[in-house]
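This is start_37.pdb (PDB, C-alpha atoms and all ligand atoms).
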MODEL        1
ATOM      1  CA  MET B   1       8.318   1.436  28.391
ATOM      2  CA  THR B   2       9.269  -2.156  29.007
ATOM      3  CA  GLU B   3      10.399  -4.557  26.308
ATOM      4  CA  ASP B   4       7.673  -7.106  27.056
ATOM      5  CA  ARG B   5       5.057  -4.865  25.442
ATOM      6  CA  TRP B   6       6.621  -5.334  22.043
ATOM      7  CA  VAL B   7       5.251  -7.952  19.633
ATOM      8  CA  THR B   8       7.812  -9.221  17.106
ATOM      9  CA  ALA B   9       7.465 -11.142  13.834
ATOM     10  CA  SER B  10       9.716 -11.877  10.876
ATOM     11  CA  ALA B  11       9.336 -13.005   7.258
ATOM     12  CA  PRO B  12      11.793 -14.221   4.624
ATOM     13  CA  GLY B  13      12.733 -12.647   1.312
ATOM     14  CA  LYS B  14      12.365 -14.653  -1.881
ATOM     15  CA  PHE B  15      13.813 -15.158  -5.319
ATOM     16  CA  VAL B  16      12.001 -16.122  -8.482
ATOM     17  CA  VAL B  17      13.332 -19.224 -10.254
ATOM     18  CA  LEU B  18      11.033 -18.662 -13.251
ATOM     19  CA  GLY B  19       7.949 -16.601 -14.082
ATOM     20  CA  GLU B  20       8.294 -13.009 -12.853
ATOM     21  CA  HIS B  21       6.300 -10.475 -14.860
ATOM     22  CA  SER B  22       4.367 -13.169 -16.792
ATOM     23  CA  VAL B  23       2.806 -14.174 -13.424
ATOM     24  CA  VAL B  24       1.126 -10.740 -13.322
ATOM     25  CA  TYR B  25      -0.855 -11.967 -16.402
ATOM     26  CA  GLY B  26      -1.866 -15.210 -14.678
ATOM     27  CA  LYS B  27       0.985 -17.354 -16.047
ATOM     28  CA  PRO B  28       2.813 -19.868 -13.825
ATOM     29  CA  ALA B  29       5.766 -19.019 -11.563
ATOM     30  CA  LEU B  30       8.234 -20.824  -9.275
ATOM     31  CA  VAL B  31       9.551 -19.031  -6.202
ATOM     32  CA  LEU B  32      11.775 -19.993  -3.254
ATOM     33  CA  ALA B  33      11.987 -18.246   0.119
ATOM     34  CA  THR B  34      15.500 -17.231   1.198
ATOM     35  CA  ASP B  35      17.280 -17.323   4.550
ATOM     36  CA  ARG B  36      17.436 -13.510   4.629
ATOM     37  CA  ARG B  37      14.623 -11.993   6.683
ATOM     38  CA  ILE B  38      12.977  -8.777   7.797
ATOM     39  CA  THR B  39      12.054  -8.553  11.485
ATOM     40  CA  CYS B  40       9.450  -6.080  12.804
ATOM     41  CA  SER B  41       8.406  -5.234  16.352
ATOM     42  CA  VAL B  42       5.301  -3.200  17.218
ATOM     43  CA  ARG B  43       3.821  -1.743  20.416
ATOM     44  CA  ARG B  44       1.025   0.704  21.195
ATOM     45  CA  SER B  45       2.095   4.303  21.446
ATOM     46  CA  GLN B  46       0.941   7.930  21.627
ATOM     47  CA  ARG B  47       2.161   8.579  18.037
ATOM     48  CA  ASN B  48       3.314   6.534  15.068
ATOM     49  CA  SER B  49       7.084   6.090  14.931
ATOM     50  CA  LEU B  50       9.539   4.017  12.885
ATOM     51  CA  ASN B  51      12.927   3.173  14.359
ATOM     52  CA  GLY B  52      12.652   6.114  16.730
ATOM     53  CA  GLU B  53      11.638   8.717  14.105
ATOM     54  CA  ALA B  54       8.147  10.125  13.573
ATOM     55  CA  LEU B  55       6.362   8.006  10.930
ATOM     56  CA  ASP B  56       4.376   9.854   8.263
ATOM     57  CA  LEU B  57       1.922   7.208   7.035
ATOM     58  CA  TRP B  58       1.200   9.178   3.849
ATOM     59  CA  ARG B  59       4.807   8.648   2.820
ATOM     60  CA  GLN B  60       4.867   4.949   3.739
ATOM     61  CA  PRO B  61       2.106   3.183   1.840
ATOM     62  CA  HIS B  62       2.826  -0.308   3.272
ATOM     63  CA  PHE B  63       2.481   0.964   6.847
ATOM     64  CA  GLN B  64      -0.500   3.100   5.848
ATOM     65  CA  TYR B  65      -2.378   0.139   4.368
ATOM     66  CA  LEU B  66      -1.597  -2.281   7.177
ATOM     67  CA  THR B  67      -2.741   0.160   9.890
ATOM     68  CA  ARG B  68      -5.750   1.434   7.891
ATOM     69  CA  ASP B  69      -8.469   0.220  10.299
ATOM     70  CA  MET B  70      -6.621   0.850  13.551
ATOM     71  CA  GLY B  71      -7.895   3.294  16.152
ATOM     72  CA  TYR B  72      -4.527   3.846  17.853
ATOM     73  CA  CYS B  73      -0.872   4.534  17.050
ATOM     74  CA  LEU B  74       2.108   2.181  17.045
ATOM     75  CA  ASP B  75       5.858   2.291  17.463
ATOM     76  CA  PHE B  76       7.615   0.162  14.846
ATOM     77  CA  LEU B  77      11.133  -1.228  15.006
ATOM     78  CA  THR B  78      12.542  -3.020  11.976
ATOM     79  CA  THR B  79      15.701  -4.882  11.050
ATOM     80  CA  SER B  80      16.356  -6.067   7.517
ATOM     81  CA  GLU B  81      18.812  -8.520   5.959
ATOM     82  CA  ILE B  82      17.190  -7.994   2.543
ATOM     83  CA  PRO B  83      18.482  -5.211   0.284
ATOM     84  CA  SER B  84      15.571  -2.971  -0.716
ATOM     85  CA  GLY B  85      14.462  -2.429  -4.319
ATOM     86  CA  SER B  86      16.543  -5.432  -5.383
ATOM     87  CA  GLY B  87      14.031  -8.085  -6.503
ATOM     88  CA  MET B  88      14.476 -10.105  -3.316
ATOM     89  CA  GLY B  89      10.989  -9.402  -2.029
ATOM     90  CA  SER B  90      11.875  -6.781   0.583
ATOM     91  CA  SER B  91       8.488  -5.052   0.392
ATOM     92  CA  ALA B  92       6.503  -8.321   0.558
ATOM     93  CA  ALA B  93       8.638  -9.568   3.475
ATOM     94  CA  LEU B  94       8.132  -6.256   5.298
ATOM     95  CA  SER B  95       4.377  -6.422   4.660
ATOM     96  CA  ALA B  96       4.147 -10.064   5.791
ATOM     97  CA  ALA B  97       6.126  -9.483   9.007
ATOM     98  CA  LEU B  98       4.231  -6.261   9.786
ATOM     99  CA  ALA B  99       0.852  -7.882   9.125
ATOM    100  CA  LEU B 100       1.652 -10.760  11.492
ATOM    101  CA  ALA B 101       2.993  -8.461  14.236
ATOM    102  CA  ILE B 102       0.076  -5.992  13.962
ATOM    103  CA  ARG B 103      -2.633  -8.683  13.926
ATOM    104  CA  THR B 104      -1.042 -10.502  16.852
ATOM    105  CA  GLU B 105      -0.716  -7.260  18.830
ATOM    106  CA  ARG B 106      -4.481  -6.881  18.356
ATOM    107  CA  GLY B 107      -5.020 -10.274  19.937
ATOM    108  CA  GLU B 108      -5.858 -12.045  16.667
ATOM    109  CA  PHE B 109      -4.521 -15.386  15.439
ATOM    110  CA  PRO B 110      -4.251 -14.693  11.704
ATOM    111  CA  THR B 111      -4.304 -17.540   9.177
ATOM    112  CA  GLU B 112      -1.668 -17.681   6.433
ATOM    113  CA  LEU B 113      -4.310 -16.746   3.867
ATOM    114  CA  SER B 114      -5.378 -13.652   5.832
ATOM    115  CA  LEU B 115      -1.700 -12.591   6.051
ATOM    116  CA  VAL B 116      -1.266 -13.080   2.303
ATOM    117  CA  GLU B 117      -4.359 -10.946   1.671
ATOM    118  CA  GLU B 118      -2.991  -8.224   3.959
ATOM    119  CA  ALA B 119       0.532  -8.321   2.480
ATOM    120  CA  TYR B 120      -0.763  -8.442  -1.110
ATOM    121  CA  GLY B 121      -3.128  -5.550  -0.346
ATOM    122  CA  ALA B 122      -0.182  -3.515   0.981
ATOM    123  CA  GLU B 123       1.860  -4.320  -2.142
ATOM    124  CA  LEU B 124      -0.967  -3.252  -4.443
ATOM    125  CA  HIS B 125      -1.537  -0.087  -2.407
ATOM    126  CA  ALA B 126       2.163   0.758  -2.810
ATOM    127  CA  GLN B 127       2.904  -0.361  -6.370
ATOM    128  CA  GLY B 128      -0.481  -0.264  -8.114
ATOM    129  CA  ASN B 129      -0.407  -3.598  -9.927
ATOM    130  CA  GLY B 130       1.066  -7.051  -9.466
ATOM    131  CA  SER B 131       0.487 -10.652  -8.470
ATOM    132  CA  PRO B 132       0.189 -12.290  -5.014
ATOM    133  CA  MET B 133       3.346 -14.336  -5.767
ATOM    134  CA  ASP B 134       5.746 -12.416  -3.494
ATOM    135  CA  ALA B 135       3.237 -12.100  -0.647
ATOM    136  CA  SER B 136       2.524 -15.855  -0.826
ATOM    137  CA  ALA B 137       6.226 -16.781  -0.806
ATOM    138  CA  CYS B 138       7.066 -14.440   2.088
ATOM    139  CA  VAL B 139       4.117 -15.589   4.218
ATOM    140  CA  HIS B 140       4.336 -19.331   3.514
ATOM    141  CA  GLY B 141       8.105 -19.722   2.990
ATOM    142  CA  GLY B 142       9.628 -22.873   1.462
ATOM    143  CA  GLY B 143       8.855 -23.276  -2.217
ATOM    144  CA  ILE B 144       5.810 -21.871  -3.992
ATOM    145  CA  ALA B 145       4.328 -22.734  -7.384
ATOM    146  CA  VAL B 146       1.752 -20.440  -8.940
ATOM    147  CA  ASN B 147      -0.798 -21.642 -11.511
ATOM    148  CA  ILE B 148       0.678 -25.105 -12.102
ATOM    149  CA  PRO B 149      -2.501 -27.103 -12.846
ATOM    150  CA  GLU B 150      -1.103 -30.535 -11.947
ATOM    151  CA  GLU B 151       0.246 -29.357  -8.583
ATOM    152  CA  LYS B 152      -2.041 -30.941  -5.982
ATOM    153  CA  ASP B 153      -0.796 -29.322  -2.765
ATOM    154  CA  GLU B 154      -2.908 -26.171  -3.104
ATOM    155  CA  LEU B 155      -2.552 -23.497  -0.418
ATOM    156  CA  TRP B 156      -4.976 -20.830  -1.679
ATOM    157  CA  THR B 157      -6.431 -19.194  -4.746
ATOM    158  CA  ILE B 158      -6.485 -15.427  -5.073
ATOM    159  CA  ARG B 159      -8.617 -13.549  -7.596
ATOM    160  CA  ARG B 160      -8.292  -9.983  -8.796
ATOM    161  CA  GLY B 161     -10.290  -8.682 -11.760
ATOM    162  CA  GLU B 162     -10.069 -11.252 -14.535
ATOM    163  CA  ARG B 163      -6.943 -12.913 -13.092
ATOM    164  CA  THR B 164      -6.715 -15.966 -10.836
ATOM    165  CA  TRP B 165      -3.602 -17.249  -9.055
ATOM    166  CA  LYS B 166      -3.664 -20.756  -7.613
ATOM    167  CA  VAL B 167      -0.783 -20.986  -5.151
ATOM    168  CA  SER B 168       0.672 -24.366  -4.148
ATOM    169  CA  ASP B 169       3.398 -25.549  -1.828
ATOM    170  CA  ILE B 170       6.214 -27.371  -3.660
ATOM    171  CA  LYS B 171       8.912 -29.537  -2.221
ATOM    172  CA  THR B 172      12.143 -29.021  -4.142
ATOM    173  CA  PRO B 173      15.389 -30.988  -4.135
ATOM    174  CA  ASP B 174      18.451 -29.350  -2.588
ATOM    175  CA  LEU B 175      19.810 -27.028  -5.274
ATOM    176  CA  SER B 176      22.457 -24.385  -4.945
ATOM    177  CA  PHE B 177      21.699 -20.836  -6.102
ATOM    178  CA  VAL B 178      23.828 -17.691  -5.960
ATOM    179  CA  ILE B 179      22.235 -14.254  -6.067
ATOM    180  CA  GLY B 180      24.191 -11.312  -7.457
ATOM    181  CA  ASN B 181      23.046  -7.805  -6.528
ATOM    182  CA  THR B 182      23.946  -5.094  -9.065
ATOM    183  CA  GLY B 183      23.443  -2.494  -6.335
ATOM    184  CA  ILE B 184      21.115  -0.572  -8.641
ATOM    185  CA  LYS B 185      17.827   0.090  -6.896
ATOM    186  CA  ALA B 186      14.839  -0.423  -9.135
ATOM    187  CA  PRO B 187      11.327  -0.095  -7.730
ATOM    188  CA  THR B 188       8.854  -2.763  -8.845
ATOM    189  CA  GLY B 189       5.904  -0.556  -9.889
ATOM    190  CA  PRO B 190       7.535   1.168 -12.900
ATOM    191  CA  GLN B 191       8.895  -2.149 -14.273
ATOM    192  CA  VAL B 192       5.461  -3.786 -14.041
ATOM    193  CA  GLU B 193       3.927  -0.705 -15.702
ATOM    194  CA  LYS B 194       6.535  -0.767 -18.484
ATOM    195  CA  VAL B 195       5.557  -4.368 -19.349
ATOM    196  CA  ARG B 196       1.845  -3.493 -19.159
ATOM    197  CA  ARG B 197       2.309  -0.634 -21.644
ATOM    198  CA  TYR B 198       4.295  -2.925 -23.954
ATOM    199  CA  THR B 199       1.542  -5.575 -23.906
ATOM    200  CA  LYS B 200      -1.097  -2.929 -24.731
ATOM    201  CA  LYS B 201       0.946  -1.754 -27.706
ATOM    202  CA  SER B 202       2.240  -4.984 -29.169
ATOM    203  CA  GLY B 203       1.051  -8.547 -29.728
ATOM    204  CA  PHE B 204       4.751  -9.406 -29.733
ATOM    205  CA  ALA B 205       4.940  -8.699 -25.970
ATOM    206  CA  THR B 206       1.859 -10.860 -25.365
ATOM    207  CA  ASP B 207       3.525 -13.705 -27.304
ATOM    208  CA  ILE B 208       6.633 -13.387 -25.131
ATOM    209  CA  ILE B 209       4.521 -13.620 -21.979
ATOM    210  CA  GLU B 210       2.810 -16.703 -23.426
ATOM    211  CA  GLU B 211       6.234 -18.245 -24.154
ATOM    212  CA  MET B 212       7.460 -17.458 -20.620
ATOM    213  CA  GLY B 213       4.419 -19.316 -19.291
ATOM    214  CA  MET B 214       5.212 -22.442 -21.327
ATOM    215  CA  LEU B 215       8.855 -22.296 -20.349
ATOM    216  CA  THR B 216       7.916 -22.097 -16.649
ATOM    217  CA  MET B 217       5.678 -25.174 -16.998
ATOM    218  CA  GLU B 218       8.670 -27.069 -18.353
ATOM    219  CA  GLY B 219      10.836 -25.610 -15.586
ATOM    220  CA  TYR B 220       8.409 -26.897 -12.955
ATOM    221  CA  LYS B 221       9.070 -30.500 -14.036
ATOM    222  CA  ALA B 222      12.826 -29.876 -14.155
ATOM    223  CA  LEU B 223      12.774 -28.300 -10.662
ATOM    224  CA  LYS B 224      10.735 -31.132  -9.131
ATOM    225  CA  SER B 225      12.959 -33.829 -10.639
ATOM    226  CA  GLY B 226      16.212 -31.972  -9.904
ATOM    227  CA  ASN B 227      17.142 -31.813 -13.618
ATOM    228  CA  LYS B 228      19.662 -28.981 -13.203
ATOM    229  CA  GLU B 229      20.811 -28.934 -16.832
ATOM    230  CA  LEU B 230      17.284 -28.389 -18.139
ATOM    231  CA  LEU B 231      16.278 -25.964 -15.377
ATOM    232  CA  GLY B 232      19.421 -23.893 -15.946
ATOM    233  CA  ARG B 233      18.859 -23.773 -19.722
ATOM    234  CA  LEU B 234      15.297 -22.578 -19.146
ATOM    235  CA  MET B 235      16.457 -19.897 -16.687
ATOM    236  CA  THR B 236      18.896 -18.490 -19.254
ATOM    237  CA  GLN B 237      16.194 -18.631 -21.924
ATOM    238  CA  ASP B 238      13.832 -16.793 -19.566
ATOM    239  CA  HIS B 239      16.451 -14.086 -19.052
ATOM    240  CA  LYS B 240      16.537 -13.536 -22.809
ATOM    241  CA  LEU B 241      12.751 -13.211 -22.930
ATOM    242  CA  LEU B 242      12.773 -10.798 -19.959
ATOM    243  CA  SER B 243      15.444  -8.770 -21.785
ATOM    244  CA  ILE B 244      13.229  -8.549 -24.866
ATOM    245  CA  LEU B 245      10.415  -7.313 -22.604
ATOM    246  CA  GLY B 246      12.778  -4.506 -21.614
ATOM    247  CA  VAL B 247      13.263  -5.274 -17.905
ATOM    248  CA  SER B 248      16.952  -6.240 -17.913
ATOM    249  CA  CYS B 249      19.822  -3.735 -17.989
ATOM    250  CA  LYS B 250      23.508  -3.841 -18.870
ATOM    251  CA  GLU B 251      24.622  -4.380 -15.265
ATOM    252  CA  LEU B 252      22.290  -7.385 -14.889
ATOM    253  CA  ASN B 253      23.435  -8.792 -18.249
ATOM    254  CA  LYS B 254      27.061  -8.391 -17.175
ATOM    255  CA  LEU B 255      26.539 -10.479 -14.008
ATOM    256  CA  VAL B 256      24.431 -13.083 -15.853
ATOM    257  CA  TYR B 257      27.068 -13.584 -18.576
ATOM    258  CA  ALA B 258      29.884 -13.669 -16.014
ATOM    259  CA  ALA B 259      28.125 -16.401 -14.011
ATOM    260  CA  LEU B 260      27.180 -18.589 -16.993
ATOM    261  CA  PRO B 261      30.523 -20.421 -17.523
ATOM    262  CA  TYR B 262      30.243 -21.834 -13.969
ATOM    263  CA  SER B 263      26.460 -22.268 -13.858
ATOM    264  CA  TYR B 264      23.678 -24.382 -15.345
ATOM    265  CA  GLY B 265      21.902 -21.125 -16.092
ATOM    266  CA  ALA B 266      21.329 -17.590 -14.843
ATOM    267  CA  LYS B 267      18.729 -14.854 -15.097
ATOM    268  CA  LEU B 268      17.527 -11.650 -13.506
ATOM    269  CA  THR B 269      15.191 -12.228 -10.568
ATOM    270  CA  GLY B 270      12.274 -10.031  -9.507
ATOM    271  CA  SER B 271      11.136  -6.998 -11.409
ATOM    272  CA  GLY B 272      14.524  -6.189 -13.006
ATOM    273  CA  GLY B 273      15.744  -2.810 -14.258
ATOM    274  CA  GLY B 274      18.555  -3.295 -11.691
ATOM    275  CA  GLY B 275      18.439  -5.320  -8.510
ATOM    276  CA  CYS B 276      19.490  -8.968  -8.581
ATOM    277  CA  MET B 277      20.246 -11.897 -10.839
ATOM    278  CA  VAL B 278      20.310 -15.544  -9.781
ATOM    279  CA  ALA B 279      22.484 -18.434 -10.995
ATOM    280  CA  LEU B 280      21.906 -22.177 -10.545
ATOM    281  CA  THR B 281      25.315 -23.741  -9.958
ATOM    282  CA  ASP B 282      27.347 -26.529  -8.369
ATOM    283  CA  GLU B 283      30.209 -24.073  -7.818
ATOM    284  CA  PRO B 284      28.667 -21.392  -5.583
ATOM    285  CA  ASP B 285      31.988 -20.040  -4.285
ATOM    286  CA  LYS B 286      33.358 -19.630  -7.801
ATOM    287  CA  VAL B 287      30.184 -17.885  -8.980
ATOM    288  CA  ALA B 288      30.232 -15.654  -5.889
ATOM    289  CA  ASP B 289      33.862 -14.680  -6.664
ATOM    290  CA  ILE B 290      33.111 -13.864 -10.283
ATOM    291  CA  ILE B 291      30.066 -11.772  -9.313
ATOM    292  CA  ARG B 292      32.231  -9.867  -6.835
ATOM    293  CA  SER B 293      34.963  -9.348  -9.459
ATOM    294  CA  ARG B 294      32.353  -7.760 -11.774
ATOM    295  CA  GLY B 295      31.247  -5.269  -9.136
ATOM    296  CA  GLY B 296      28.203  -7.174  -7.815
ATOM    297  CA  THR B 297      27.437  -8.336  -4.274
ATOM    298  CA  PRO B 298      26.949 -12.113  -4.076
ATOM    299  CA  PHE B 299      24.740 -14.035  -1.666
ATOM    300  CA  ILE B 300      24.983 -17.819  -1.564
ATOM    301  CA  MET B 301      21.398 -18.856  -0.976
ATOM    302  CA  LYS B 302      19.953 -21.382   1.366
ATOM    303  CA  SER B 303      16.498 -21.682  -0.092
ATOM    304  CA  GLY B 304      13.274 -23.040   1.308
ATOM    305  CA  SER B 305      13.335 -21.086   4.600
ATOM    306  CA  GLU B 306      10.439 -20.871   7.028
ATOM    307  CA  GLY B 307       7.684 -18.344   6.282
ATOM    308  CA  ALA B 308       6.321 -15.535   8.459
ATOM    309  CA  ARG B 309       6.679 -16.405  12.144
ATOM    310  CA  MET B 310       6.591 -14.868  15.597
ATOM    311  CA  GLU B 311       9.951 -14.045  17.177
ATOM    312  CA  VAL B 312      11.161 -13.698  20.729
ATOM    313  CA  GLY B 313      12.852 -10.381  21.567
ATOM    314  CA  VAL B 314      12.727  -7.001  19.868
ATOM    315  CA  ALA B 315      13.962  -5.916  16.413
ATOM    316  CA  LYS B 316      17.090  -3.777  16.629
ATOM    317  CA  GLY B 317      15.395  -0.845  14.916
ATOM    318  CA  SER B 318      18.456  -0.230  12.827
ATOM    319  CA  PRO B 319      17.811   2.525  10.304
ATOM    320  CA  MET B 320      16.097   0.561   7.575
ATOM    321  CA  GLU B 321      15.730   1.592   4.008
ATOM    322  CA  ILE B 322      12.035   1.289   3.389
ATOM    323  CA  PRO B 323      11.317  -0.809   0.287
ATOM    324  CA  MET B 324      10.919   1.392  -2.755
ATOM    325  CA  ILE B 325       7.529   1.461  -4.373
TER
HETATM  326  O1  LIG D 401      11.075  -7.091  -7.623
HETATM  327  P1  LIG D 401      10.130  -7.755  -6.716
HETATM  328  O2  LIG D 401      10.771  -8.524  -5.613
HETATM  329  O3  LIG D 401       9.070  -6.813  -6.185
HETATM  330  O4  LIG D 401       9.326  -8.873  -7.595
HETATM  331  C1  LIG D 401       8.335  -8.464  -8.531
HETATM  332  C2  LIG D 401       7.758  -9.635  -9.272
HETATM  333  C3  LIG D 401       6.860  -9.243 -10.462
HETATM  334  O5  LIG D 401       6.422 -10.460 -11.092
HETATM  335  C4  LIG D 401       7.619  -8.433 -11.488
HETATM  336  C5  LIG D 401       5.645  -8.440 -10.021
HETATM  337  C6  LIG D 401       4.563  -9.231  -9.288
HETATM  338  O6  LIG D 401       3.782  -8.587  -8.579
HETATM  339  O7  LIG D 401       4.463 -10.464  -9.454
ENDMDL
END
What would the structure in this file look like if it were written as structure tokens?
Ligand code: PMV
Amino acid sequence: MTEDRWVTASAPGKFVVLGEHSVVYGKPALVLATDRRITCSVRRSQRNSLNGEALDLWRQPHFQYLTRDMGYCLDFLTTSEIPSGSGMGSSAALSAALALAIRTERGEFPTELSLVEEAYGAELHAQGNGSPMDASACVHGGGIAVNIPEEKDELWTIRRGERTWKVSDIKTPDLSFVIGNTGIKAPTGPQVEKVRRYTKKSGFATDIIEEMGMLTMEGYKALKSGNKELLGRLMTQDHKLLSILGVSCKELNKLVYAALPYSYGAKLTGSGGGGCMVALTDEPDKVADIIRSRGGTPFIMKSGSEGARMEVGVAKGSPMEIPMI
């Protein structure tokens, strides 16, 4: 086989500034794409394979969904800079890159919206419930606001059941964020389900989600105007609300508290239960050092990276941990 038969695409990971979990209930959210990406190459083949091994689609729901209407098999090669099961959008980035590579291999020219629908469909197929926030951020890149009524730069609106998510592009000032990975892998589905059960049982949980929504609206104005003090305070407040919802853990709390003396604010990011926290800071190296000294892995983030795009060349096909469902 020659290399020129491969079709390659990549997509960025993301982190949530404010609004994870409450966004599942139609509340607002603010998300930034990161400079860490997943790259996928595909080519037609006699059997399905992933990084040189036979691929069992029944065990890989993202691949299963994205190849659902295909009459032939594919070889997949993947390379990831995004730790899986960590709240950095590894499964949405994989889905976005795969969707773009697969559609292009078929000779299509997919729109961003069609890629979001594909990637969101793959996420739902794998994790059962959730919002199109991650899929939108990983396809579009840059900065994304969900359900902010005054935001004019609308990209698309996605509906599912009684929920609606209006997704807009937001331009954000240059801010410096540090991510800290606890190293604890926590799949998204069970965390989302835990919050759903809590909201069914208790009006208290519904009030918290309501409060997170209001806080994110305030955070939107702070983010747009570059008011770091206010944005940081709201992030820390959001972490407390997420903790009450039951999606933090002691390792996340440890990294959040360690980062706070050198940060405007800090919180878990993504579905929680492990995975990553994020701090807004003017002292990224100091925060990175303190995260490292508490056993976490820091990443100094360049945010606002480009969304899903075609790539030249072929993914390395390094053994990739498939995002946990
Ligand atoms: O942990 P991640 O990267 O899958 O982020 C999940 C974000 C949630 O709001 C918890 C779920 C969702 O679908 O929006």
Can you tell me which residues come within 9 Å of ligand LIG 401 (chain D) when counting all atoms listed in the file, ideally as an MDAnalysis selection string? chainID B and resid 13:16 19:25 29 84:92 120 123:124 127 129:135 186:189 191:192 269:272 275:276 325
Interatomic distance between CA of Lys302 (chain B) and CA of Trp6 (chain B)? 29.4 Å
Separation of CA of Ser225 (chain B) and CA of Thr172 (chain B), in Å?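 Spanning CA of Ser225 (chain B) to CA of Thr172 (chain B) is a straight-line distance of 8.1 Å.
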Would you tabulate, counting all atoms listed in the file, all residues of region 157-217 of chain B that have an atom at most 12 Å from an atom of region 95-118 of chain B, showing the closest pair of atoms and their distance in Å to one decimal, sorted by chain then ascending number, as CSV?
residue,atom,partner,partner_atom,distance
B:Thr157,CA,B:Leu113,CA,9.2
B:Ile158,CA,B:Glu117,CA,8.4
B:Arg159,CA,B:Glu117,CA,10.5
B:Arg160,CA,B:Glu117,CA,11.2
B:Val167,CA,B:Leu113,CA,10.6
Mind telling me what the PyMOL selection byres (((chain B and resi 39) around 6) and not hetatm) catches here, as JSON, numbers by chain? {"B": [9, 10, 38, 40, 78, 79, 315]}
As AutoDock Vina command-line options, what would the box around region 276-286 of chain B look like: edges along x, y and z, 3 Å added on every side, centre and edge lengths in Å to one decimal?
--center_x 26.4 --center_y -17.7 --center_z -7.6 --size_x 19.9 --size_y 23.6 --size_z 12.7
Using only C-alpha atoms, the best pick from B:Val247, B:Leu74, B:Ile209, B:Ala308 as closest to Gly52 (chain B) would be B:Leu74
Counting only C-alpha atoms, figure out which residue out of B:Met214, B:Tyr65, B:Ile300, B:Asp238 gets nearest to Ala126 (chain B).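 Of the candidates, the smallest distance to Ala126 (chain B) is held by B:Tyr65.
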Atom pair CA of Leu280 (chain B) + CA of Gly295 (chain B), distance 19.4 Å
Give the answer as one residue: which of B:Ser80, B:Ser176, B:Thr182, B:Ser202 has the shortest atom-to-atom distance to Gly226 (chain B), using all atoms listed in the file?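 For Gly226 (chain B), the nearest of the candidates is B:Ser176.
What the PyMOL selection byres (((chain B and resi 149) around 10) and not hetatm) grabs from this file is Pro28, Ala145, Val146, Asn147, Ile148, Glu150, Glu151, Lys152, Glu154, Lys166, Val167, Ser168 and Met217 of chain B.
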Nearest to Leu268 (chain B) by atom-to-atom distance, counting all atoms listed in the file, from B:Leu32, B:Leu255, B:Cys73, B:Val314: B:Leu255
Using all atoms listed in the file, find the one residue out of B:Phe76, B:Asn253, B:Thr34, B:Ser303 that sits nearest to Ala54 (chain B).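 Among B:Phe76, B:Asn253, B:Thr34, B:Ser303, it is B:Phe76 that comes nearest to Ala54 (chain B).
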From the options B:Asn48, B:Cys138, B:Glu193, B:Trp165, which residue's atoms come nearest to Gly71 (chain B), counting all atoms listed in the file?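 Residue with the minimum atom-to-atom distance to Gly71 (chain B): B:Asn48.
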